[in-house]
>>> print(open('coords_39.txt').read())   # compact mmCIF, C-alpha atoms
# COMPACT_ATOMS: atom_id res chain seq x y z
CA MET A 1 -7.15 -2.64 14.82
CA LEU A 2 -4.38 -5.17 14.32
CA ALA A 3 -1.18 -3.53 13.14
CA ASN A 4 1.24 -6.08 11.70
CA TYR A 5 4.80 -4.83 11.70
CA GLY A 6 7.53 -6.88 10.10
CA TYR A 7 8.16 -8.87 6.99
CA LYS A 8 8.47 -12.27 5.44
CA ASP A 9 11.72 -13.42 3.91
CA GLY A 10 13.21 -16.66 2.66
CA SER A 11 13.66 -17.98 6.20
CA GLY A 12 10.20 -17.30 7.59
CA ASP A 13 7.66 -14.80 8.92
CA TYR A 14 8.80 -12.10 11.32
CA PHE A 15 5.82 -10.10 12.49
CA ILE A 16 4.98 -8.26 15.68
CA THR A 17 1.25 -7.60 15.89
CA ILE A 18 -0.08 -4.81 18.09
CA ASP A 19 -3.80 -4.63 18.81
CA THR A 20 -4.33 -0.88 18.97
CA ASP A 21 -7.87 -1.29 20.30
CA LYS A 22 -6.39 -2.87 23.41
CA CYS A 23 -3.41 -0.52 23.75
CA ASN A 24 -3.98 2.22 26.34
CA GLY A 25 -0.65 3.99 25.82
CA CYS A 26 0.91 2.92 29.15
CA GLU A 27 4.38 2.76 27.55
CA LYS A 28 5.37 -0.35 29.51
CA CYS A 29 6.48 -2.17 26.34
CA VAL A 30 8.68 0.77 25.39
CA GLU A 31 10.43 0.53 28.76
CA ALA A 32 10.59 -3.27 28.76
CA CYS A 33 12.21 -3.80 25.37
CA PRO A 34 16.01 -3.96 25.68
CA GLN A 35 16.40 -3.21 21.97
CA THR A 36 14.09 -0.16 21.77
CA VAL A 37 11.82 -1.76 19.22
CA TYR A 38 8.74 0.12 20.42
CA GLU A 39 7.77 3.76 20.46
CA MET A 40 4.64 5.75 21.19
CA GLY A 41 3.05 7.63 18.35
CA GLU A 42 -0.01 8.50 16.34
CA ASP A 43 -2.27 5.61 15.38
CA ASP A 44 -1.46 4.99 11.71
CA SER A 45 -4.85 3.60 10.93
CA ASP A 46 -7.01 6.12 12.75
CA PRO A 47 -5.79 9.71 12.30
CA LEU A 48 -8.74 11.08 14.25
CA ARG A 49 -7.71 9.23 17.41
CA GLU A 50 -5.86 11.60 19.71
CA ASP A 51 -4.16 9.31 22.25
CA PRO A 52 -0.81 7.87 21.25
CA VAL A 53 -0.46 4.11 20.80
CA ALA A 54 2.49 1.74 20.84
CA ARG A 55 4.08 0.89 17.52
CA VAL A 56 7.26 -0.60 16.16
CA THR A 57 9.79 2.04 15.11
CA GLY A 58 10.24 2.54 11.39
CA GLU A 59 13.90 1.67 11.70
CA GLN A 60 13.24 -1.74 13.27
CA ARG A 61 10.34 -2.87 11.07
CA LYS A 62 12.64 -4.25 8.42
CA LYS A 63 15.05 -6.14 10.66
CA LEU A 64 12.98 -7.66 13.45
CA LYS A 65 14.50 -11.10 12.92
CA TYR A 66 17.88 -9.76 14.02
CA THR A 67 16.76 -7.16 16.55
CA CYS A 68 14.61 -9.60 18.47
CA ALA A 69 17.11 -12.47 18.30
CA PRO A 70 18.76 -11.78 21.71
CA CYS A 71 15.42 -12.26 23.48
CA LYS A 72 14.63 -15.52 21.70
CA PRO A 73 17.91 -17.21 20.83
CA TYR A 74 16.51 -20.67 20.25
CA LEU A 75 13.07 -19.75 18.93
CA ASN A 76 14.66 -18.62 15.69
CA SER A 77 16.04 -22.03 15.04
CA LEU A 78 12.67 -23.73 15.40
CA SER A 79 10.93 -24.63 12.19
CA GLY A 80 8.12 -22.26 11.12
CA GLU A 81 5.36 -23.97 13.07
CA LYS A 82 4.33 -22.53 16.40
CA THR A 83 4.22 -25.30 18.96
CA GLU A 84 2.71 -25.02 22.44
CA GLU A 85 6.22 -24.74 23.80
CA THR A 86 7.02 -21.84 21.48
CA MET A 87 3.84 -20.07 22.52
CA LYS A 88 4.88 -20.36 26.18
CA GLU A 89 8.29 -18.91 25.40
CA ILE A 90 6.73 -16.06 23.44
CA GLU A 91 4.59 -15.19 26.46
CA LYS A 92 7.73 -14.83 28.55
CA LEU A 93 9.31 -12.23 26.22
CA PRO A 94 9.89 -8.86 27.94
CA CYS A 95 7.52 -6.93 25.66
CA VAL A 96 4.74 -9.53 25.62
CA SER A 97 4.81 -10.06 29.39
CA ALA A 98 5.06 -6.32 30.10
CA CYS A 99 1.78 -5.65 28.32
CA GLU A 100 -0.99 -6.16 30.85
CA LEU A 101 -3.66 -5.84 28.19
CA LYS A 102 -2.10 -8.56 26.01
CA ALA A 103 -1.99 -6.32 22.99
CA ILE A 104 1.35 -7.61 21.67
CA THR A 105 1.89 -10.91 19.86
CA HIS A 106 4.82 -12.32 17.92
CA SER A 107 4.50 -14.53 14.86
CA TRP A 108 7.72 -16.48 15.38
CA MET B 1 26.49 7.26 -36.57
CA ALA B 2 22.79 7.10 -36.08
CA GLU B 3 21.53 8.00 -32.66
CA GLU B 4 20.18 4.92 -30.97
CA GLU B 5 16.54 5.27 -30.16
CA LYS B 6 15.94 5.00 -26.44
CA LYS B 7 12.44 3.98 -25.61
CA GLU B 8 11.14 3.96 -22.08
CA TYR B 9 8.86 0.98 -21.90
CA TRP B 10 7.93 1.51 -18.26
CA ARG B 11 6.31 4.89 -18.95
CA TRP B 12 2.65 4.78 -18.04
CA LEU B 13 0.15 7.42 -19.04
CA GLU B 14 -0.66 10.45 -16.93
CA SER B 15 -4.27 11.54 -16.74
CA ARG B 16 -6.66 14.15 -15.41
CA TRP B 17 -10.44 14.48 -15.21
CA THR B 18 -13.17 16.88 -14.08
CA SER B 19 -16.71 15.89 -13.24
CA PRO B 20 -19.13 17.57 -15.65
CA ASP B 21 -22.09 17.25 -13.24
CA ILE B 22 -20.76 19.19 -10.25
CA ASP B 23 -20.58 22.97 -9.86
CA TRP B 24 -17.99 23.66 -7.18
CA LYS B 25 -19.38 27.15 -6.50
CA LYS B 26 -22.48 25.56 -4.97
CA GLY B 27 -20.45 23.27 -2.73
CA LYS B 28 -20.12 23.91 1.00
CA VAL B 29 -16.86 22.08 1.65
CA ILE B 30 -14.11 21.82 -0.94
CA SER B 31 -11.48 19.39 0.22
CA ALA B 32 -8.34 18.09 -1.44
CA GLY B 33 -6.10 15.09 -1.04
CA VAL B 34 -2.60 14.73 -2.44
CA ASP B 35 -0.97 11.31 -2.46
CA VAL B 36 2.74 11.57 -3.20
CA GLY B 37 3.79 8.02 -3.89
CA SER B 38 7.16 6.63 -4.79
CA VAL B 39 6.28 6.40 -8.47
CA SER B 40 3.10 8.39 -9.01
CA THR B 41 1.44 11.44 -7.47
CA GLN B 42 -2.31 11.93 -7.39
CA ALA B 43 -4.26 15.03 -6.48
CA VAL B 44 -7.99 14.78 -5.86
CA ILE B 45 -10.48 17.58 -5.29
CA MET B 46 -13.82 16.81 -3.70
CA VAL B 47 -16.90 18.94 -3.36
CA ASP B 48 -19.06 17.94 -0.38
CA GLY B 49 -17.59 14.45 -0.42
CA GLN B 50 -18.17 13.91 -4.15
CA LEU B 51 -15.29 13.40 -6.54
CA TYR B 52 -14.92 16.60 -8.56
CA ALA B 53 -11.49 16.51 -10.22
CA PHE B 54 -8.30 14.52 -10.18
CA ALA B 55 -4.84 14.40 -11.71
CA ASN B 56 -2.50 11.45 -11.84
CA MET B 57 1.16 12.14 -12.60
CA ARG B 58 4.61 10.65 -12.28
CA THR B 59 6.46 11.71 -9.12
CA GLY B 60 9.99 12.11 -10.40
CA SER B 61 12.79 13.00 -8.04
CA ASP B 62 11.47 16.28 -6.69
CA SER B 63 8.71 15.51 -4.25
CA PRO B 64 7.55 19.00 -3.11
CA ASN B 65 7.26 20.12 -6.72
CA SER B 66 5.52 16.98 -7.91
CA ALA B 67 2.85 17.52 -5.25
CA GLN B 68 2.38 21.10 -6.46
CA ASN B 69 2.42 20.04 -10.12
CA ALA B 70 -0.23 17.40 -9.63
CA PHE B 71 -2.34 19.80 -7.55
CA ASN B 72 -2.11 22.50 -10.22
CA ARG B 73 -2.96 19.97 -12.90
CA ALA B 74 -6.07 18.92 -11.00
CA LEU B 75 -7.11 22.60 -10.74
CA GLU B 76 -6.80 23.13 -14.50
CA ASP B 77 -10.05 23.20 -16.40
CA THR B 78 -12.17 23.47 -13.24
CA ASN B 79 -14.13 26.60 -14.02
CA GLY B 80 -11.87 28.99 -12.12
CA LEU B 81 -11.27 26.97 -8.96
CA THR B 82 -7.99 28.05 -7.32
CA GLU B 83 -5.85 26.84 -4.45
CA LYS B 84 -7.38 29.53 -2.18
CA ASP B 85 -10.87 28.10 -2.63
CA VAL B 86 -9.86 24.75 -1.22
CA HIS B 87 -10.87 24.66 2.44
CA TYR B 88 -8.66 21.86 3.64
CA CYS B 89 -5.95 19.71 2.10
CA VAL B 90 -4.44 16.49 3.43
CA GLY B 91 -1.20 14.94 2.23
CA THR B 92 -0.48 11.22 2.24
CA GLY B 93 1.90 8.63 0.80
CA TYR B 94 5.67 8.33 1.07
CA GLY B 95 6.17 12.03 0.41
CA ARG B 96 3.38 13.20 2.72
CA VAL B 97 5.64 15.46 4.80
CA ASN B 98 6.61 17.25 1.60
CA VAL B 99 3.22 18.48 0.46
CA PRO B 100 3.42 22.29 0.75
CA MET B 101 -0.33 23.04 0.56
CA ALA B 102 -1.44 20.34 2.98
CA GLN B 103 -2.53 21.32 6.49
CA LYS B 104 -2.07 17.79 7.77
CA ALA B 105 -0.30 14.57 6.82
CA ILE B 106 -2.03 11.23 7.33
CA THR B 107 -0.48 7.82 6.75
CA GLU B 108 -1.41 6.03 3.53
CA ILE B 109 -2.89 3.04 5.35
CA ALA B 110 -5.79 5.04 6.76
CA CYS B 111 -6.25 6.92 3.49
CA HIS B 112 -6.28 3.81 1.32
CA ALA B 113 -8.82 2.15 3.55
CA ARG B 114 -11.11 5.17 3.45
CA GLY B 115 -10.56 5.66 -0.28
CA ALA B 116 -11.33 2.04 -1.13
CA ASN B 117 -14.48 2.26 0.96
CA PHE B 118 -15.61 5.24 -1.15
CA MET B 119 -14.49 3.88 -4.51
CA TYR B 120 -15.75 0.31 -4.21
CA GLY B 121 -18.66 0.80 -1.82
CA PRO B 122 -19.23 -0.24 1.80
CA THR B 123 -19.20 -3.99 1.06
CA VAL B 124 -15.41 -4.04 0.67
CA ARG B 125 -13.68 -5.85 3.53
CA THR B 126 -10.27 -6.67 2.10
CA VAL B 127 -8.16 -4.17 0.19
CA LEU B 128 -4.96 -5.03 -1.56
CA ASP B 129 -2.98 -1.97 -2.57
CA MET B 130 -0.25 -2.72 -5.05
CA GLY B 131 1.72 0.46 -5.32
CA GLY B 132 4.95 1.54 -6.95
CA GLN B 133 7.27 0.57 -4.16
CA ASP B 134 5.29 -1.32 -1.60
CA CYS B 135 2.35 -3.57 -1.19
CA LYS B 136 -0.33 -3.31 1.48
CA ALA B 137 -2.98 -5.73 2.61
CA ILE B 138 -5.71 -4.02 4.63
CA ARG B 139 -8.89 -5.37 6.19
CA ILE B 140 -11.58 -2.76 6.77
CA ASP B 141 -15.08 -2.52 8.21
CA GLU B 142 -18.16 -1.09 6.49
CA LYS B 143 -17.18 2.48 7.40
CA GLY B 144 -13.70 2.17 5.92
CA LYS B 145 -12.00 1.90 9.32
CA VAL B 146 -8.90 -0.30 9.40
CA GLU B 147 -9.23 -3.60 11.27
CA SER B 148 -5.94 -5.19 10.32
CA PHE B 149 -3.13 -4.17 8.07
CA LEU B 150 0.17 -5.36 6.79
CA MET B 151 2.66 -3.55 4.62
CA ASN B 152 5.55 -5.01 2.69
CA ASP B 153 8.04 -2.28 1.95
CA LYS B 154 11.15 -4.31 2.57
CA CYS B 155 11.69 -5.20 -1.07
CA ALA B 156 10.41 -4.44 -4.54
CA ALA B 157 9.09 -7.92 -5.33
CA GLY B 158 5.32 -7.72 -5.76
CA THR B 159 5.30 -4.00 -6.61
CA GLY B 160 4.90 -1.77 -9.61
CA ARG B 161 8.61 -1.06 -9.73
CA GLY B 162 9.27 -4.76 -10.19
CA MET B 163 6.87 -4.77 -13.13
CA GLU B 164 8.65 -1.76 -14.64
CA VAL B 165 11.95 -3.63 -14.44
CA PHE B 166 10.38 -6.51 -16.35
CA SER B 167 8.74 -4.34 -18.98
CA ASP B 168 12.14 -2.75 -19.63
CA LEU B 169 13.92 -6.11 -19.73
CA LEU B 170 11.44 -7.57 -22.20
CA THR B 171 10.97 -4.29 -24.11
CA ILE B 172 7.20 -4.42 -23.80
CA SER B 173 5.18 -1.33 -22.92
CA ILE B 174 3.94 -1.44 -19.30
CA ASN B 175 0.35 -1.08 -20.53
CA ASP B 176 0.54 -4.31 -22.56
CA VAL B 177 2.31 -6.45 -19.98
CA GLY B 178 -0.84 -7.83 -18.35
CA GLN B 179 -2.56 -8.78 -21.58
CA MET B 180 0.57 -10.40 -22.99
CA SER B 181 1.09 -12.52 -19.92
CA MET B 182 -2.40 -14.00 -20.45
CA GLU B 183 -1.48 -15.29 -23.90
CA VAL B 184 0.16 -18.49 -22.75
CA GLU B 185 -1.12 -21.99 -23.40
CA GLU B 186 0.05 -23.39 -20.12
CA GLU B 187 0.79 -21.57 -16.88
CA PRO B 188 4.58 -21.75 -16.29
CA GLU B 189 6.26 -22.22 -12.91
CA PRO B 190 6.66 -18.86 -11.14
CA VAL B 191 10.08 -17.23 -10.95
CA SER B 192 11.66 -16.24 -7.61
CA SER B 193 9.38 -13.95 -5.65
CA THR B 194 11.67 -12.87 -2.82
CA CYS B 195 13.68 -10.34 -4.79
CA VAL B 196 13.28 -8.45 -8.08
CA ILE B 197 16.98 -8.66 -8.88
CA PHE B 198 16.90 -12.45 -8.47
CA ALA B 199 13.71 -12.63 -10.50
CA LYS B 200 15.32 -10.59 -13.26
CA THR B 201 18.39 -12.83 -13.27
CA GLU B 202 16.16 -15.87 -13.47
CA ALA B 203 14.08 -14.34 -16.26
CA THR B 204 17.20 -13.49 -18.27
CA GLY B 205 18.21 -17.13 -17.95
CA LEU B 206 14.79 -18.26 -19.13
CA LEU B 207 14.96 -15.95 -22.15
CA ARG B 208 18.37 -17.36 -23.04
CA ALA B 209 16.91 -20.84 -22.69
CA GLY B 210 14.49 -19.92 -25.43
CA TRP B 211 11.30 -19.02 -23.53
CA PRO B 212 9.05 -16.57 -25.39
CA LYS B 213 8.44 -13.16 -23.76
CA ASN B 214 4.85 -13.84 -22.82
CA LYS B 215 5.77 -17.01 -20.99
CA VAL B 216 8.42 -15.18 -18.95
CA LEU B 217 5.88 -12.48 -18.14
CA ALA B 218 3.35 -15.10 -17.09
CA ALA B 219 5.96 -16.62 -14.76
CA TYR B 220 6.63 -13.21 -13.22
CA CYS B 221 2.95 -12.26 -12.85
CA ARG B 222 2.34 -15.61 -11.19
CA ALA B 223 5.26 -14.99 -8.80
CA MET B 224 3.86 -11.58 -7.91
CA ALA B 225 0.40 -13.01 -7.28
CA GLY B 226 1.88 -15.67 -5.03
CA ARG B 227 3.76 -13.04 -3.10
CA VAL B 228 0.76 -10.82 -2.39
CA ASN B 229 -1.39 -13.86 -1.64
CA GLU B 230 0.89 -14.60 1.32
CA LEU B 231 0.38 -11.07 2.63
CA LEU B 232 -3.37 -11.37 2.20
CA GLN B 233 -3.50 -14.67 4.07
CA ARG B 234 -1.85 -13.03 7.07
CA VAL B 235 -4.52 -10.35 7.47
CA GLY B 236 -7.22 -12.83 6.43
CA VAL B 237 -9.31 -12.52 3.29
CA VAL B 238 -12.96 -11.63 3.74
CA LYS B 239 -15.42 -10.96 0.93
CA ASP B 240 -15.68 -8.43 -0.86
CA PHE B 241 -12.20 -8.01 -2.12
CA ALA B 242 -10.75 -5.07 -4.09
CA ILE B 243 -7.38 -4.23 -5.58
CA THR B 244 -6.13 -0.63 -5.77
CA GLY B 245 -2.93 0.96 -7.04
CA GLY B 246 -1.24 0.84 -10.41
CA ILE B 247 -0.96 -2.94 -10.61
CA ALA B 248 -4.74 -3.22 -10.37
CA LYS B 249 -4.70 -2.20 -14.05
CA ASN B 250 -2.60 -5.25 -14.89
CA ILE B 251 -4.98 -8.04 -15.84
CA GLY B 252 -2.15 -10.57 -15.72
CA VAL B 253 -1.59 -10.08 -11.99
CA VAL B 254 -5.21 -9.39 -11.03
CA SER B 255 -6.57 -12.55 -12.64
CA ARG B 256 -3.85 -14.66 -11.04
CA VAL B 257 -4.53 -13.21 -7.58
CA GLU B 258 -8.22 -13.91 -8.12
CA LYS B 259 -7.41 -17.48 -9.05
CA LEU B 260 -5.25 -18.02 -5.95
CA LEU B 261 -7.93 -16.56 -3.67
CA ASP B 262 -10.77 -18.20 -5.55
CA MET B 263 -12.56 -14.86 -5.32
CA LYS B 264 -13.35 -12.13 -7.85
CA ALA B 265 -12.05 -8.62 -7.23
CA LEU B 266 -14.69 -5.87 -7.43
CA PRO B 267 -14.60 -4.06 -10.79
CA PRO B 268 -13.14 -0.54 -10.43
CA LYS B 269 -15.42 2.45 -10.95
CA TYR B 270 -12.62 5.00 -10.87
CA ASP B 271 -8.91 5.09 -11.71
CA THR B 272 -7.49 2.51 -9.27
CA GLN B 273 -4.46 4.66 -8.48
CA LEU B 274 -6.65 7.29 -6.81
CA ALA B 275 -7.55 5.40 -3.63
CA GLY B 276 -4.99 7.11 -1.38
CA ALA B 277 -5.77 10.63 -2.55
CA VAL B 278 -9.54 10.05 -2.38
CA GLY B 279 -9.16 8.86 1.21
CA ALA B 280 -7.04 11.90 2.04
CA ALA B 281 -9.67 14.24 0.57
CA LEU B 282 -12.39 12.53 2.61
CA PHE B 283 -10.33 12.95 5.79
CA ALA B 284 -9.76 16.58 4.83
CA LYS B 285 -13.52 17.08 4.70
CA GLY B 286 -13.92 15.45 8.12
CA LEU B 287 -11.12 17.50 9.65
CA TYR B 288 -12.48 20.75 8.20
CA GLU B 289 -15.94 20.06 9.59
CA LYS B 290 -14.37 19.26 12.97
CA ILE B 291 -12.55 22.62 13.25
CA LYS B 292 -15.57 24.52 11.92
CA LYS B 293 -17.77 23.33 14.76
>>> encode(input="coords_39.txt", output="structure tokens")
Amino acid sequence: MLANYGYKDGSGDYFITIDTDKCNGCEKCVEACPQTVYEMGEDDSDPLREDPVARVTGEQRKKLKYTCAPCKPYLNSLSGEKTEETMKEIEKLPCVSACELKAITHSW
Amino acid sequence: MAEEEKKEYWRWLESRWTSPDIDWKKGKVISAGVDVGSVSTQAVIMVDGQLYAFANMRTGSDSPNSAQNAFNRALEDTNGLTEKDVHYCVGTGYGRVNVPMAQKAITEIACHARGANFMYGPTVRTVLDMGGQDCKAIRIDEKGKVESFLMNDKCAAGTGRGMEVFSDLLTISINDVGQMSMEVEEEPEPVSSTCVIFAKTEATGLLRAGWPKNKVLAAYCRAMAGRVNELLQRVGVVKDFAITGGIAKNIGVVSRVEKLLDMKALPPKYDTQLAGAVGAALFAKGLYEKIKK
């Protein structure tokens, strides 16, 4: 299941997508993120699943543009389109690179 | 001095219903779902996975009581069914932690997906829930399991609350808003869709510029449709498509979303606001059967 956390505002799309089918609950993203964006918790979409999965904390969901800015200072200034270069930079982000199962993606 | 009459145009009608064909005494599992939303509260009672009774009420400011009120209302006129006869109850929605009779709270995303699957049939793949205070786009599989979801709860644009603000501004009853917005000769440019306050400011300006009410409404409905269309594009729209929540009763928004997607929404068989509570009641049945084993 793809869980899209984030929002769209006048300046663009700010979404972190977590593929909960891939997530095995290793908590590496929680440790890697310098801004404590991630937490482990119940799978919102599947209440019968017992293992915890990674998710974006409720507090951060509405301000990802600002919370994530320190990790991607120049990505924010790029125009909406995702170029190959942007994709490479996204892969280097602490949370994205920490996830061995490639369950985390960023939209900007 | 005469007392000025204060009319509340946003007030929508509460409702309740009992199925005449089901005798709960013959049922094996009686499950209940209570969806305490930001604006409305629904309680649903199911007998062996069939819809038996429901109540749909306004939440107000007291969430534990509104859950109880809606639950009691659903139990009225049900041939002596009481709270004790209900085997399992699940709470969902914004106020899900404040449902006193619920044994478990489940997030609204899962419940809406499951509820839409029951209400619109297994062919539904894309569900758009337009609630009182948020807007959810959910993609589901044939069993009602969530494949992808996205929720906008950052602002009131594209939600029922936004529509209430407009019905109050234009002094038109919330039930007539959709129909009125259809009575325009030409579709106007949409107003701002990033913020309800900005949209209201813009609409006030348009009214002062001499626009008729229905044209302003059309501009707002169009803005709302555009807003939710963006959400839908992110999760990806797959046929069949269904709209749940209070706004699904607003023909002005529904028809404009359909036009943007170039796809017809499935016609509702039940009250569209029930989806969350129906899903919760179905989960309650599943959970009860799990602990029984």
>>> interface_residues(input="coords_39.txt", of="chain B", to="chain A", cutoff="7 Å", atoms="only C-alpha atoms", output="NGL selection string")
:B and (106-107 or 109-110 or 146-150 or 152 or 154 or 194)
>>> residues_around(input="coords_39.txt", residues="Gly93 in chain B", least_positions_apart="4", cutoff="6 Å", atoms="all atoms listed in the file", output="PyMOL selection string")
chain B and resi 35-37+108
>>> write_last_selection(input="coords_39.txt", atoms="C-alpha atoms", output="PDB file, in the frame of the given file")
ATOM      1  CA  ASP B  35      -0.970  11.310  -2.460  1.00  0.00           C
ATOM      2  CA  VAL B  36       2.740  11.570  -3.200  1.00  0.00           C
ATOM      3  CA  GLY B  37       3.790   8.020  -3.890  1.00  0.00           C
ATOM      4  CA  GLU B 108      -1.410   6.030   3.530  1.00  0.00           C
TER       5      GLU B 108
END
>>> residues_around(input="coords_39.txt", residues="Gly41 in chain A", least_positions_apart="2", cutoff="10 Å", atoms="only C-alpha atoms", output="list in words")
Gly25, Tyr38, Glu39, Asp43, Asp44, Glu50, Asp51, Pro52, Val53, Ala54, Arg55, Val56 and Thr57 of chain A
>>> axis_aligned_box(input="coords_39.txt", around="range 156-164 of chain B", padding_each_side="4 Å", output="AutoDock Vina command-line options")
--center_x 7.7 --center_y -4.5 --center_z -9.6 --size_x 13.5 --size_y 14.9 --size_z 18.1
>>> residues_around(input="coords_39.txt", residues="Lys7 in chain B", least_positions_apart="3", cutoff="12 Å", atoms="all atoms listed in the file", output="list in words")
Glu4, Trp10, Arg11, Ser167, Asp168, Leu169, Thr171, Ile172, Ser173 and Ile174 of chain B
>>> atom_distance(input="coords_39.txt", atom1="CA of Thr67 in chain A", atom2="CA of Glu100 in chain A")
22.8 Å
>>> residues_around(input="coords_39.txt", residues="Tyr74 in chain A", least_positions_apart="5", cutoff="12 Å", atoms="only C-alpha atoms", output="VMD selection string")
chain A and resid 68 to 69 79 85 to 86 89 to 90 108
>>> residues_around(input="coords_39.txt", residues="Arg125 in chain B", least_positions_apart="3", cutoff="8 Å", atoms="only C-alpha atoms", output="MDAnalysis selection string")
chainID B and resid 139:142 237:241
>>> atom_distance(input="coords_39.txt", atom1="CA of Ala281 in chain B", atom2="CA of Ala32 in chain B")
4.5 Å
>>> atom_distance(input="coords_39.txt", atom1="CA of Glu258 in chain B", atom2="CA of Pro212 in chain B")
24.6 Å
